[in-house]
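S.K.: Got data05.txt for you, compact mmCIF, C-alpha atoms and all ligand atoms:
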```txt
# COMPACT_ATOMS: atom_id res chain seq x y z
CA MET N 463 2.84 13.05 -7.38
CA ARG N 464 4.63 10.73 -4.98
CA THR N 465 3.55 7.12 -5.47
CA ILE N 466 3.69 4.68 -2.58
CA ALA N 467 2.98 0.98 -3.10
CA ILE N 468 2.19 -1.41 -0.27
CA ASN N 469 3.21 -4.90 -1.28
CA VAL N 470 4.13 -8.28 0.08
CA GLU N 471 3.40 -11.66 -1.42
CA LYS N 472 1.48 -12.86 1.59
CA GLY N 473 -2.25 -12.74 2.20
CA GLY N 474 -3.56 -10.91 5.24
CA ALA N 475 -0.26 -9.21 6.12
CA GLY N 476 -1.85 -5.77 6.51
CA LYS N 477 -1.44 -4.22 3.04
CA THR N 478 -4.97 -2.86 2.85
CA THR N 479 -5.03 -1.67 6.48
CA ILE N 480 -1.84 0.30 5.87
CA ALA N 481 -2.81 1.56 2.40
CA CYS N 482 -6.15 2.89 3.66
CA HIS N 483 -4.71 4.56 6.75
CA LEU N 484 -1.97 6.20 4.69
CA ALA N 485 -4.56 7.42 2.17
CA TRP N 486 -6.76 8.82 4.96
CA LEU N 487 -3.79 10.46 6.68
CA LEU N 488 -2.82 12.31 3.49
CA ALA N 489 -6.45 13.12 2.68
CA ASP N 490 -7.03 14.56 6.14
CA ALA N 491 -3.89 16.69 5.73
CA GLY N 492 -5.55 18.30 2.68
CA HIS N 493 -3.52 16.57 -0.04
CA ARG N 494 -4.91 15.44 -3.37
CA VAL N 495 -4.81 11.65 -3.15
CA LEU N 496 -5.30 8.99 -5.78
CA VAL N 497 -5.64 5.36 -4.70
CA LEU N 498 -5.02 2.48 -7.09
CA ASP N 499 -6.74 -0.56 -5.65
CA LEU N 500 -5.09 -3.24 -7.77
CA ASP N 501 -6.45 -6.14 -5.74
CA ARG N 502 -9.51 -7.80 -7.25
CA GLN N 503 -10.87 -8.29 -3.74
CA CYS N 504 -11.30 -4.47 -3.80
CA ASN N 505 -11.11 -4.26 0.01
CA ALA N 506 -9.55 -0.79 -0.10
CA THR N 507 -12.32 0.39 -2.44
CA ASP N 508 -14.95 -0.80 0.04
CA ALA N 509 -13.18 0.84 2.97
CA LEU N 510 -12.38 4.17 1.31
CA SER N 511 -15.98 5.16 0.76
CA ASP N 512 -15.04 8.84 1.04
CA PHE N 513 -12.91 8.55 -2.12
CA GLU N 514 -14.69 9.14 -5.42
CA SER N 515 -14.69 6.18 -7.79
CA LEU N 516 -13.02 6.62 -11.17
CA GLY N 517 -14.23 3.14 -12.09
CA SER N 518 -12.09 0.31 -13.36
CA CYS N 519 -8.33 0.75 -13.57
CA LYS N 520 -8.38 -1.14 -16.88
CA PRO N 521 -7.99 1.99 -19.09
CA LEU N 522 -4.65 2.65 -17.41
CA PHE N 523 -3.38 -0.58 -18.95
CA GLU N 524 -4.65 0.22 -22.43
CA ALA N 525 -3.28 2.38 -25.23
CA ASP N 526 -4.32 6.04 -25.51
CA TYR N 527 -5.43 6.60 -21.93
CA ALA N 528 -6.67 10.11 -21.22
CA ALA N 529 -7.29 11.35 -17.69
CA PRO N 530 -10.93 12.27 -16.94
CA ASP N 531 -11.66 15.98 -17.53
CA GLU N 532 -12.64 16.54 -13.92
CA LEU N 533 -10.70 14.81 -11.19
CA PRO N 534 -11.82 14.98 -7.57
CA ARG N 535 -9.35 15.69 -4.77
CA LEU N 536 -9.76 12.14 -3.46
CA ALA N 537 -10.12 9.51 -6.15
CA ILE N 538 -9.86 5.77 -6.52
CA TYR N 539 -9.33 3.43 -9.46
CA SER N 540 -10.32 -0.15 -8.68
CA ASN N 541 -9.38 -3.50 -10.14
CA ARG N 542 -12.83 -4.29 -11.42
CA MET N 543 -11.62 -5.73 -14.68
CA GLY N 544 -14.32 -8.40 -14.85
CA GLY N 545 -12.90 -11.90 -15.17
CA GLU N 546 -9.36 -12.47 -16.30
CA TYR N 547 -7.90 -9.42 -17.94
CA ASP N 548 -6.75 -10.92 -21.20
CA ALA N 549 -4.38 -8.23 -22.42
CA SER N 550 -0.91 -9.07 -23.56
CA TYR N 551 0.90 -8.44 -20.32
CA PRO N 552 4.07 -6.89 -21.75
CA THR N 553 1.87 -4.48 -23.70
CA ALA N 554 -0.25 -3.70 -20.61
CA LEU N 555 2.91 -2.99 -18.60
CA GLY N 556 4.26 -0.73 -21.34
CA ASN N 557 0.93 1.10 -21.48
CA VAL N 558 0.66 1.69 -17.74
CA ARG N 559 4.21 3.00 -17.62
CA LYS N 560 3.34 5.50 -20.34
CA ASN N 561 -0.16 6.35 -19.04
CA PHE N 562 0.49 6.74 -15.33
CA PRO N 563 2.49 10.01 -15.58
CA VAL N 564 -0.61 11.65 -17.15
CA LEU N 565 -2.05 11.70 -13.61
CA ASN N 566 1.03 13.42 -12.17
CA PRO N 567 -0.24 17.01 -12.24
CA HIS N 568 -3.59 16.08 -10.71
CA PHE N 569 -2.55 14.49 -7.40
CA ASP N 570 0.04 15.01 -4.67
CA PHE N 571 0.14 11.33 -3.70
CA CYS N 572 -0.85 7.99 -5.14
CA ILE N 573 -1.26 5.00 -2.83
CA ILE N 574 -1.25 1.56 -4.45
CA ASP N 575 -2.81 -1.41 -2.67
CA THR N 576 -1.76 -4.71 -4.20
CA PRO N 577 -2.97 -8.33 -4.35
CA PRO N 578 -1.36 -10.99 -2.18
CA SER N 579 0.13 -13.22 -4.84
CA TRP N 580 2.58 -12.39 -7.58
CA SER N 581 1.15 -11.53 -10.99
CA TRP N 582 1.71 -9.02 -13.75
CA ILE N 583 -0.49 -6.59 -11.78
CA ASN N 584 2.01 -6.63 -8.92
CA PHE N 585 4.74 -6.16 -11.49
CA ALA N 586 2.86 -3.05 -12.66
CA ALA N 587 2.63 -1.68 -9.10
CA LEU N 588 6.38 -2.04 -8.59
CA LEU N 589 7.07 -0.59 -12.01
CA ILE N 590 5.21 2.67 -11.43
CA CYS N 591 5.78 3.32 -7.72
CA ASP N 592 8.44 5.59 -6.26
CA HIS N 593 8.37 4.14 -2.75
CA LEU N 594 7.50 0.75 -1.30
CA ILE N 595 6.25 -0.23 2.14
CA VAL N 596 6.37 -3.94 3.02
CA PRO N 597 4.21 -5.19 5.89
CA VAL N 598 5.59 -8.26 7.59
CA GLU N 599 3.93 -10.68 9.97
CA LEU N 600 6.03 -12.20 12.71
CA GLY N 601 4.55 -15.63 12.05
CA PRO N 602 5.80 -18.80 10.40
CA PHE N 603 5.82 -17.55 6.81
CA GLY N 604 6.20 -13.78 7.27
CA PRO N 605 9.98 -13.45 6.87
CA ALA N 606 9.99 -15.83 3.87
CA ALA N 607 7.55 -13.50 2.12
CA THR N 608 9.97 -10.59 2.50
CA LYS N 609 12.63 -12.60 0.64
CA GLN N 610 10.17 -12.97 -2.24
CA VAL N 611 9.58 -9.22 -2.24
CA SER N 612 13.29 -8.53 -2.48
CA ASP N 613 13.56 -10.93 -5.44
CA SER N 614 10.62 -9.17 -7.12
CA ILE N 615 12.20 -5.76 -6.52
CA ALA N 616 15.43 -6.95 -8.16
CA THR N 617 13.47 -8.23 -11.18
CA VAL N 618 11.42 -5.06 -11.61
CA ASN N 619 14.41 -2.77 -11.04
CA GLN N 620 15.93 -4.16 -14.24
CA ARG N 621 13.01 -2.56 -16.07
CA ARG N 622 13.17 0.80 -14.25
CA THR N 623 15.43 3.76 -14.81
CA LYS N 624 15.50 4.59 -11.08
CA PRO N 625 15.43 1.75 -8.54
CA ILE N 626 12.44 1.47 -6.20
CA HIS N 627 12.99 3.29 -2.92
CA VAL N 628 12.20 0.74 -0.22
CA ALA N 629 10.80 2.87 2.59
CA GLY N 630 10.99 -0.16 4.84
CA LEU N 631 9.52 -3.28 6.33
CA VAL N 632 6.88 -2.75 9.00
CA PRO N 633 6.03 -5.54 11.42
CA ASN N 634 2.26 -5.89 11.75
CA ARG N 635 -0.04 -7.65 14.24
CA VAL N 636 2.74 -7.57 16.80
CA ARG N 637 2.09 -8.93 20.29
CA PRO N 638 4.84 -7.51 22.52
CA ASN N 639 4.14 -10.13 25.21
CA ASP N 640 4.79 -12.96 22.79
CA SER N 641 8.45 -13.86 23.38
CA HIS N 642 8.61 -15.93 20.19
CA GLN N 643 7.50 -12.92 18.13
CA MET N 644 10.01 -10.70 19.94
CA LYS N 645 12.82 -13.12 19.01
CA MET N 646 11.66 -13.05 15.39
CA LEU N 647 11.63 -9.25 15.53
CA GLU N 648 15.24 -9.19 16.77
CA ALA N 649 16.29 -11.65 14.05
CA LEU N 650 14.58 -9.53 11.41
CA LYS N 651 16.28 -6.41 12.75
CA SER N 652 19.73 -7.94 12.51
CA LYS N 653 18.95 -9.15 9.00
CA VAL N 654 17.49 -6.01 7.42
CA GLY N 655 18.97 -3.30 9.66
CA LYS N 656 17.71 0.21 8.89
CA ASN N 657 15.17 -1.20 6.44
CA LEU N 658 13.08 -2.22 9.44
CA PHE N 659 10.67 0.41 10.74
CA THR N 660 11.36 1.47 14.33
CA HIS N 661 7.62 1.55 14.97
CA TYR N 662 5.47 -1.49 14.47
CA LEU N 663 1.72 -2.01 14.37
CA PRO N 664 0.44 -4.03 17.31
CA GLU N 665 -2.46 -6.47 17.08
CA ARG N 666 -5.53 -4.27 17.72
CA ALA N 667 -9.13 -5.15 16.92
CA HIS N 668 -9.82 -1.42 16.42
CA TYR N 669 -7.91 -1.44 13.12
CA SER N 670 -10.29 -4.03 11.69
CA GLN N 671 -13.36 -2.47 13.25
CA ALA N 672 -12.55 1.04 12.02
CA ILE N 673 -11.95 -0.18 8.45
CA GLN N 674 -15.27 -2.00 8.55
CA GLU N 675 -16.90 1.31 9.41
CA HIS N 676 -15.06 2.99 6.51
CA VAL N 677 -13.05 5.30 8.78
CA PRO N 678 -9.46 5.51 9.99
CA VAL N 679 -8.83 4.65 13.61
CA TRP N 680 -8.63 8.38 14.51
CA ARG N 681 -12.20 8.91 13.32
CA PHE N 682 -13.47 5.78 15.04
CA GLY N 683 -16.00 6.51 17.76
CA LYS N 684 -14.35 4.43 20.49
CA ASP N 685 -11.68 4.89 23.10
CA VAL N 686 -8.63 4.52 20.83
CA ARG N 687 -5.94 5.26 23.45
CA SER N 688 -4.22 1.94 22.84
CA SER N 689 -4.65 1.73 19.07
CA LEU N 690 -4.23 5.29 17.78
CA PRO N 691 -0.71 6.17 19.10
CA PRO N 692 1.04 3.21 17.43
CA MET N 693 -0.79 3.83 14.14
CA ARG N 694 0.15 7.54 14.27
CA ALA N 695 3.78 6.72 15.13
CA PHE N 696 4.01 4.27 12.23
CA LEU N 697 2.42 6.68 9.74
CA GLU N 698 4.71 9.52 10.84
CA GLU N 699 7.75 7.31 10.44
CA ALA N 700 6.47 6.19 7.02
CA MET N 701 6.16 9.78 5.82
CA THR N 702 9.61 10.66 7.20
CA ARG N 703 11.11 7.67 5.42
CA ILE N 704 9.31 8.59 2.20
CA GLY N 705 10.57 12.16 2.49
CA SER N 706 9.82 14.93 0.06
CA GLU N 707 11.75 13.46 -2.85
CA LYS N 708 9.94 11.73 -5.66
N1 LIG O 1 -2.53 -4.82 13.42
C1 LIG O 1 -3.68 -5.48 13.27
N2 LIG O 1 -4.40 -5.85 14.34
C2 LIG O 1 -5.56 -6.52 14.21
N3 LIG O 1 -6.09 -6.86 13.02
C3 LIG O 1 -5.41 -6.53 11.91
C4 LIG O 1 -4.17 -5.81 11.97
N4 LIG O 1 -3.73 -5.62 10.71
C5 LIG O 1 -4.65 -6.18 9.90
N5 LIG O 1 -5.65 -6.72 10.61
C6 LIG O 1 -6.82 -7.47 10.09
O1 LIG O 1 -6.32 -8.63 9.45
C7 LIG O 1 -7.02 -8.85 8.23
C8 LIG O 1 -6.02 -8.75 7.06
O2 LIG O 1 -5.52 -7.42 7.00
P1 LIG O 1 -5.46 -6.65 5.61
O3 LIG O 1 -6.73 -6.82 4.87
O4 LIG O 1 -4.98 -5.28 5.87
O5 LIG O 1 -4.30 -7.51 4.93
P2 LIG O 1 -3.94 -7.62 3.38
O6 LIG O 1 -2.48 -7.86 3.32
O7 LIG O 1 -4.47 -6.47 2.63
O8 LIG O 1 -4.75 -8.93 2.97
P3 LIG O 1 -4.97 -9.50 1.47
O9 LIG O 1 -3.67 -10.16 1.14
O10 LIG O 1 -6.11 -10.45 1.61
O11 LIG O 1 -5.26 -8.34 0.60
C9 LIG O 1 -8.11 -7.79 8.16
O12 LIG O 1 -9.28 -8.32 8.72
C10 LIG O 1 -7.57 -6.68 9.02
O13 LIG O 1 -8.60 -5.90 9.57
MG MG O 2 -5.65 -6.42 0.93
```
Please render this file's structure as structure tokens.
Ligand SMILES: Nc1ncnc2c1ncn2[C@@H]1O[C@H](COP(=O)(O)OP(=O)(O)OP(=O)(O)O)[C@@H](O)[C@H]1O
Ligand SMILES: [Mg+2]
M.R.:
Amino acid sequence: MRTIAINVEKGGAGKTTIACHLAWLLADAGHRVLVLDLDRQCNATDALSDFESLGSCKPLFEADYAAPDELPRLAIYSNRMGGEYDASYPTALGNVRKNFPVLNPHFDFCIIDTPPSWSWINFAALLICDHLIVPVELGPFGPAATKQVSDSIATVNQRRTKPIHVAGLVPNRVRPNDSHQMKMLEALKSKVGKNLFTHYLPERAHYSQAIQEHVPVWRFGKDVRSSLPPMRAFLEEAMTRIGSEK
């Protein structure tokens, strides 16, 4: 199972849009896909209505987790922990690290959608993932958020045997006619180099509209000539960057 987390400590950056489209891409290619929706907003859970619910992700953070006897090809655990989850966080992190590999034989991919602000649950996502995709908005606070992610990666890497593979930063909601954004894009490129995706996601209402209808943009019943090619190009690049290694 290859585990891909989508994380940035910024609300509305595109984590859920990307997580859902990646999950649908892999599902449509016939893979067995598990989604961990670790955000209590549960937006990915609402969107991915074709994934079978495994209920709350809470058991993954508790001792003696056992995988369900029957696991569907497309499954989703959601952060429906009900109020504040009052576990001892170090214990919960230790448990999830031990429990998560139990799911390894059952799925080809796991996609983790994460909440927008830092918490132990984001720590867990970075602890158990193999690969990380970071969406970045070319707005006033977008680049600052990527600095926070790199600090978080450094912190979590101290607790991992193998460092997180950063698949890359993907600019989202890009408006190519906006010269200010284009300058920010150039600045970001010179700062992060190859860590920046070549393909970005433009601002397209179809991405929101498709998610609202619980389908990826390629199953959306509208003329998607301007929205589908950039999404496809980004997803292809993401899978190339992730590669076949765990
Ligand atoms: N490229 C885009 N073009 C147009 N709308 C977009 C684009 N990307 C995301 N959106 C919309 O912006 C909003 C925020 O996106 P999304 O939910 O994916 O972000 P998020 O990082 O998961 O947010 P949160 O931090 O709240 O979980 C959503 O309404 C989504 O449909
Ligand atoms: Mg989200």
S.K.: Quick one: which chain N residues come within 6 Å of ligand MG 2 (chain O), and what is the nearest atom pair for each with the distance in Å to one decimal, counting only C-alpha atoms and all ligand atoms, rows ordered by chain and ascending number, as JSON lines?
M.R.:
```
{"residue": "N:Lys477", "atom": "CA", "partner": "O:MG2", "partner_atom": "MG", "distance": 5.2}
{"residue": "N:Thr478", "atom": "CA", "partner": "O:MG2", "partner_atom": "MG", "distance": 4.1}
{"residue": "N:Asn505", "atom": "CA", "partner": "O:MG2", "partner_atom": "MG", "distance": 5.9}
```
S.K.: Enumerate, in order of chain and increasing residue number, the residues of chain N with an atom no farther than 8 Å from ligand LIG 1 (chain O), each with its shortest atom pair and distance in Å to one decimal, counting all atoms listed in the file, as JSON lines.
M.R.:
```
{"residue": "N:Asn469", "atom": "CA", "partner": "O:LIG1", "partner_atom": "O6", "distance": 7.9}
{"residue": "N:Val470", "atom": "CA", "partner": "O:LIG1", "partner_atom": "O6", "distance": 7.4}
{"residue": "N:Glu471", "atom": "CA", "partner": "O:LIG1", "partner_atom": "O9", "distance": 7.7}
{"residue": "N:Lys472", "atom": "CA", "partner": "O:LIG1", "partner_atom": "O9", "distance": 5.8}
{"residue": "N:Gly473", "atom": "CA", "partner": "O:LIG1", "partner_atom": "O9", "distance": 3.1}
{"residue": "N:Gly474", "atom": "CA", "partner": "O:LIG1", "partner_atom": "O8", "distance": 3.2}
{"residue": "N:Ala475", "atom": "CA", "partner": "O:LIG1", "partner_atom": "O6", "distance": 3.8}
{"residue": "N:Gly476", "atom": "CA", "partner": "O:LIG1", "partner_atom": "O4", "distance": 3.2}
{"residue": "N:Lys477", "atom": "CA", "partner": "O:LIG1", "partner_atom": "O6", "distance": 3.8}
{"residue": "N:Thr478", "atom": "CA", "partner": "O:LIG1", "partner_atom": "O7", "distance": 3.7}
{"residue": "N:Thr479", "atom": "CA", "partner": "O:LIG1", "partner_atom": "O4", "distance": 3.7}
{"residue": "N:Ile480", "atom": "CA", "partner": "O:LIG1", "partner_atom": "O4", "distance": 6.4}
{"residue": "N:Ala481", "atom": "CA", "partner": "O:LIG1", "partner_atom": "O4", "distance": 8.0}
{"residue": "N:Asp501", "atom": "CA", "partner": "O:LIG1", "partner_atom": "O11", "distance": 6.8}
{"residue": "N:Gln503", "atom": "CA", "partner": "O:LIG1", "partner_atom": "O11", "distance": 7.1}
{"residue": "N:Asn505", "atom": "CA", "partner": "O:LIG1", "partner_atom": "O3", "distance": 7.0}
{"residue": "N:Asp575", "atom": "CA", "partner": "O:LIG1", "partner_atom": "O7", "distance": 7.5}
{"residue": "N:Thr576", "atom": "CA", "partner": "O:LIG1", "partner_atom": "O11", "distance": 7.0}
{"residue": "N:Pro577", "atom": "CA", "partner": "O:LIG1", "partner_atom": "O11", "distance": 5.5}
{"residue": "N:Pro578", "atom": "CA", "partner": "O:LIG1", "partner_atom": "O9", "distance": 4.1}
{"residue": "N:Ser579", "atom": "CA", "partner": "O:LIG1", "partner_atom": "O9", "distance": 7.7}
{"residue": "N:Pro597", "atom": "CA", "partner": "O:LIG1", "partner_atom": "O6", "distance": 7.6}
{"residue": "N:Asn634", "atom": "CA", "partner": "O:LIG1", "partner_atom": "N1", "distance": 5.2}
{"residue": "N:Arg635", "atom": "CA", "partner": "O:LIG1", "partner_atom": "N1", "distance": 3.9}
{"residue": "N:Val636", "atom": "CA", "partner": "O:LIG1", "partner_atom": "N1", "distance": 6.8}
{"residue": "N:Leu663", "atom": "CA", "partner": "O:LIG1", "partner_atom": "N1", "distance": 5.2}
{"residue": "N:Pro664", "atom": "CA", "partner": "O:LIG1", "partner_atom": "N1", "distance": 5.0}
{"residue": "N:Glu665", "atom": "CA", "partner": "O:LIG1", "partner_atom": "N2", "distance": 3.4}
{"residue": "N:Arg666", "atom": "CA", "partner": "O:LIG1", "partner_atom": "N2", "distance": 3.9}
{"residue": "N:Ala667", "atom": "CA", "partner": "O:LIG1", "partner_atom": "C2", "distance": 4.7}
{"residue": "N:His668", "atom": "CA", "partner": "O:LIG1", "partner_atom": "C2", "distance": 7.0}
{"residue": "N:Tyr669", "atom": "CA", "partner": "O:LIG1", "partner_atom": "C2", "distance": 5.7}
{"residue": "N:Ser670", "atom": "CA", "partner": "O:LIG1", "partner_atom": "O13", "distance": 3.3}
{"residue": "N:Gln671", "atom": "CA", "partner": "O:LIG1", "partner_atom": "O13", "distance": 6.9}
{"residue": "N:Ile673", "atom": "CA", "partner": "O:LIG1", "partner_atom": "O13", "distance": 6.7}
{"residue": "N:Gln674", "atom": "CA", "partner": "O:LIG1", "partner_atom": "O13", "distance": 7.8}
```
S.K.: Using all atoms listed in the file, which of the listed residues (N:Ile595, N:Ala629, N:Ala672, N:Ser581) sits closest to Ser614 of chain N?
M.R.: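 Nearest to Ser614 of chain N: N:Ser581.
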S.K.: I'd like to know which of N:Phe696, N:Phe682, N:Phe523, N:Phe569 is closest to Asn541 of chain N, using only C-alpha atoms.
M.R.: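 Of all the options, N:Phe523 lies closest to Asn541 of chain N.
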S.K.: Quick one: distance from atom CA of Asn619 of chain N to atom CA of Val598 of chain N in Å, one decimal?
M.R.: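 The value is 21.3 Å.
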S.K.: So how many Å separate atom CA of Ile574 of chain N and atom CA of Ala695 of chain N, to one decimal?
M.R.: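 Between atom CA of Ile574 of chain N and atom CA of Ala695 of chain N the gap is 20.9 Å.
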S.K.: Kindly provide, as a list of chain:residue names, the polymer residues lying within 8 Å of (5.8, 9.6, -5.0), counting all atoms listed in the file and using the coordinates exactly as they appear in the file.
M.R.: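 Here the neighbourhood of the point contains N:Met463, N:Arg464, N:Thr465, N:Ile466, N:Asp570, N:Phe571, N:Cys572, N:Cys591, N:Asp592, N:His593, N:Glu707, N:Lys708.
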S.K.: Restore N, CA and C atoms in segment 573-596 of chain N and list the result as a PDB file, keeping the file's coordinate frame.
M.R.:
```
ATOM      1  N   ILE N 573      -1.481   6.167  -3.679  1.00  0.00           N
ATOM      2  CA  ILE N 573      -1.260   5.000  -2.830  1.00  0.00           C
ATOM      3  C   ILE N 573      -1.731   3.770  -3.611  1.00  0.00           C
ATOM      4  N   ILE N 574      -0.871   2.775  -3.711  1.00  0.00           N
ATOM      5  CA  ILE N 574      -1.250   1.560  -4.450  1.00  0.00           C
ATOM      6  C   ILE N 574      -1.384   0.383  -3.490  1.00  0.00           C
ATOM      7  N   ASP N 575      -2.589  -0.173  -3.422  1.00  0.00           N
ATOM      8  CA  ASP N 575      -2.810  -1.410  -2.670  1.00  0.00           C
ATOM      9  C   ASP N 575      -2.708  -2.564  -3.675  1.00  0.00           C
ATOM     10  N   THR N 576      -2.094  -3.644  -3.249  1.00  0.00           N
ATOM     11  CA  THR N 576      -1.760  -4.710  -4.200  1.00  0.00           C
ATOM     12  C   THR N 576      -2.348  -6.061  -3.754  1.00  0.00           C
ATOM     13  N   PRO N 577      -2.478  -6.991  -4.705  1.00  0.00           N
ATOM     14  CA  PRO N 577      -2.970  -8.330  -4.350  1.00  0.00           C
ATOM     15  C   PRO N 577      -1.890  -9.157  -3.644  1.00  0.00           C
ATOM     16  N   PRO N 578      -2.309 -10.228  -2.977  1.00  0.00           N
ATOM     17  CA  PRO N 578      -1.360 -10.990  -2.180  1.00  0.00           C
ATOM     18  C   PRO N 578      -0.430 -11.923  -2.952  1.00  0.00           C
ATOM     19  N   SER N 579      -0.789 -12.302  -4.176  1.00  0.00           N
ATOM     20  CA  SER N 579       0.130 -13.220  -4.840  1.00  0.00           C
ATOM     21  C   SER N 579       0.683 -12.570  -6.113  1.00  0.00           C
ATOM     22  N   TRP N 580       1.853 -13.027  -6.483  1.00  0.00           N
ATOM     23  CA  TRP N 580       2.580 -12.390  -7.580  1.00  0.00           C
ATOM     24  C   TRP N 580       1.844 -12.554  -8.912  1.00  0.00           C
ATOM     25  N   SER N 581       1.763 -11.486  -9.663  1.00  0.00           N
ATOM     26  CA  SER N 581       1.150 -11.530 -10.990  1.00  0.00           C
ATOM     27  C   SER N 581       1.662 -10.298 -11.726  1.00  0.00           C
ATOM     28  N   TRP N 582       1.271 -10.188 -12.977  1.00  0.00           N
ATOM     29  CA  TRP N 582       1.710  -9.020 -13.750  1.00  0.00           C
ATOM     30  C   TRP N 582       1.187  -7.728 -13.134  1.00  0.00           C
ATOM     31  N   ILE N 583       0.078  -7.818 -12.370  1.00  0.00           N
ATOM     32  CA  ILE N 583      -0.490  -6.590 -11.780  1.00  0.00           C
ATOM     33  C   ILE N 583       0.414  -6.092 -10.654  1.00  0.00           C
ATOM     34  N   ASN N 584       1.023  -7.036  -9.926  1.00  0.00           N
ATOM     35  CA  ASN N 584       2.010  -6.630  -8.920  1.00  0.00           C
ATOM     36  C   ASN N 584       3.263  -6.083  -9.590  1.00  0.00           C
ATOM     37  N   PHE N 585       3.607  -6.664 -10.707  1.00  0.00           N
ATOM     38  CA  PHE N 585       4.740  -6.160 -11.490  1.00  0.00           C
ATOM     39  C   PHE N 585       4.469  -4.691 -11.846  1.00  0.00           C
ATOM     40  N   ALA N 586       3.231  -4.417 -12.282  1.00  0.00           N
ATOM     41  CA  ALA N 586       2.860  -3.050 -12.660  1.00  0.00           C
ATOM     42  C   ALA N 586       3.014  -2.092 -11.471  1.00  0.00           C
ATOM     43  N   ALA N 587       2.554  -2.540 -10.300  1.00  0.00           N
ATOM     44  CA  ALA N 587       2.630  -1.680  -9.100  1.00  0.00           C
ATOM     45  C   ALA N 587       4.085  -1.315  -8.807  1.00  0.00           C
ATOM     46  N   LEU N 588       4.970  -2.313  -8.890  1.00  0.00           N
ATOM     47  CA  LEU N 588       6.380  -2.040  -8.590  1.00  0.00           C
ATOM     48  C   LEU N 588       7.064  -1.240  -9.695  1.00  0.00           C
ATOM     49  N   LEU N 589       6.507  -1.340 -10.877  1.00  0.00           N
ATOM     50  CA  LEU N 589       7.070  -0.590 -12.010  1.00  0.00           C
ATOM     51  C   LEU N 589       6.788   0.902 -11.892  1.00  0.00           C
ATOM     52  N   ILE N 590       5.601   1.253 -11.403  1.00  0.00           N
ATOM     53  CA  ILE N 590       5.210   2.670 -11.430  1.00  0.00           C
ATOM     54  C   ILE N 590       5.378   3.382 -10.085  1.00  0.00           C
ATOM     55  N   CYS N 591       5.685   2.636  -9.014  1.00  0.00           N
ATOM     56  CA  CYS N 591       5.780   3.320  -7.720  1.00  0.00           C
ATOM     57  C   CYS N 591       7.130   4.015  -7.563  1.00  0.00           C
ATOM     58  N   ASP N 592       7.163   5.001  -6.654  1.00  0.00           N
ATOM     59  CA  ASP N 592       8.440   5.590  -6.260  1.00  0.00           C
ATOM     60  C   ASP N 592       8.955   4.908  -4.996  1.00  0.00           C
ATOM     61  N   HIS N 593       8.016   4.654  -4.074  1.00  0.00           N
ATOM     62  CA  HIS N 593       8.370   4.140  -2.750  1.00  0.00           C
ATOM     63  C   HIS N 593       7.570   2.863  -2.470  1.00  0.00           C
ATOM     64  N   LEU N 594       8.161   2.013  -1.624  1.00  0.00           N
ATOM     65  CA  LEU N 594       7.500   0.750  -1.300  1.00  0.00           C
ATOM     66  C   LEU N 594       7.523   0.518   0.209  1.00  0.00           C
ATOM     67  N   ILE N 595       6.351   0.171   0.731  1.00  0.00           N
ATOM     68  CA  ILE N 595       6.250  -0.230   2.140  1.00  0.00           C
ATOM     69  C   ILE N 595       5.877  -1.716   2.158  1.00  0.00           C
ATOM     70  N   VAL N 596       6.596  -2.488   2.958  1.00  0.00           N
ATOM     71  CA  VAL N 596       6.370  -3.940   3.020  1.00  0.00           C
ATOM     72  C   VAL N 596       5.914  -4.329   4.423  1.00  0.00           C
TER      73      VAL N 596
END
```
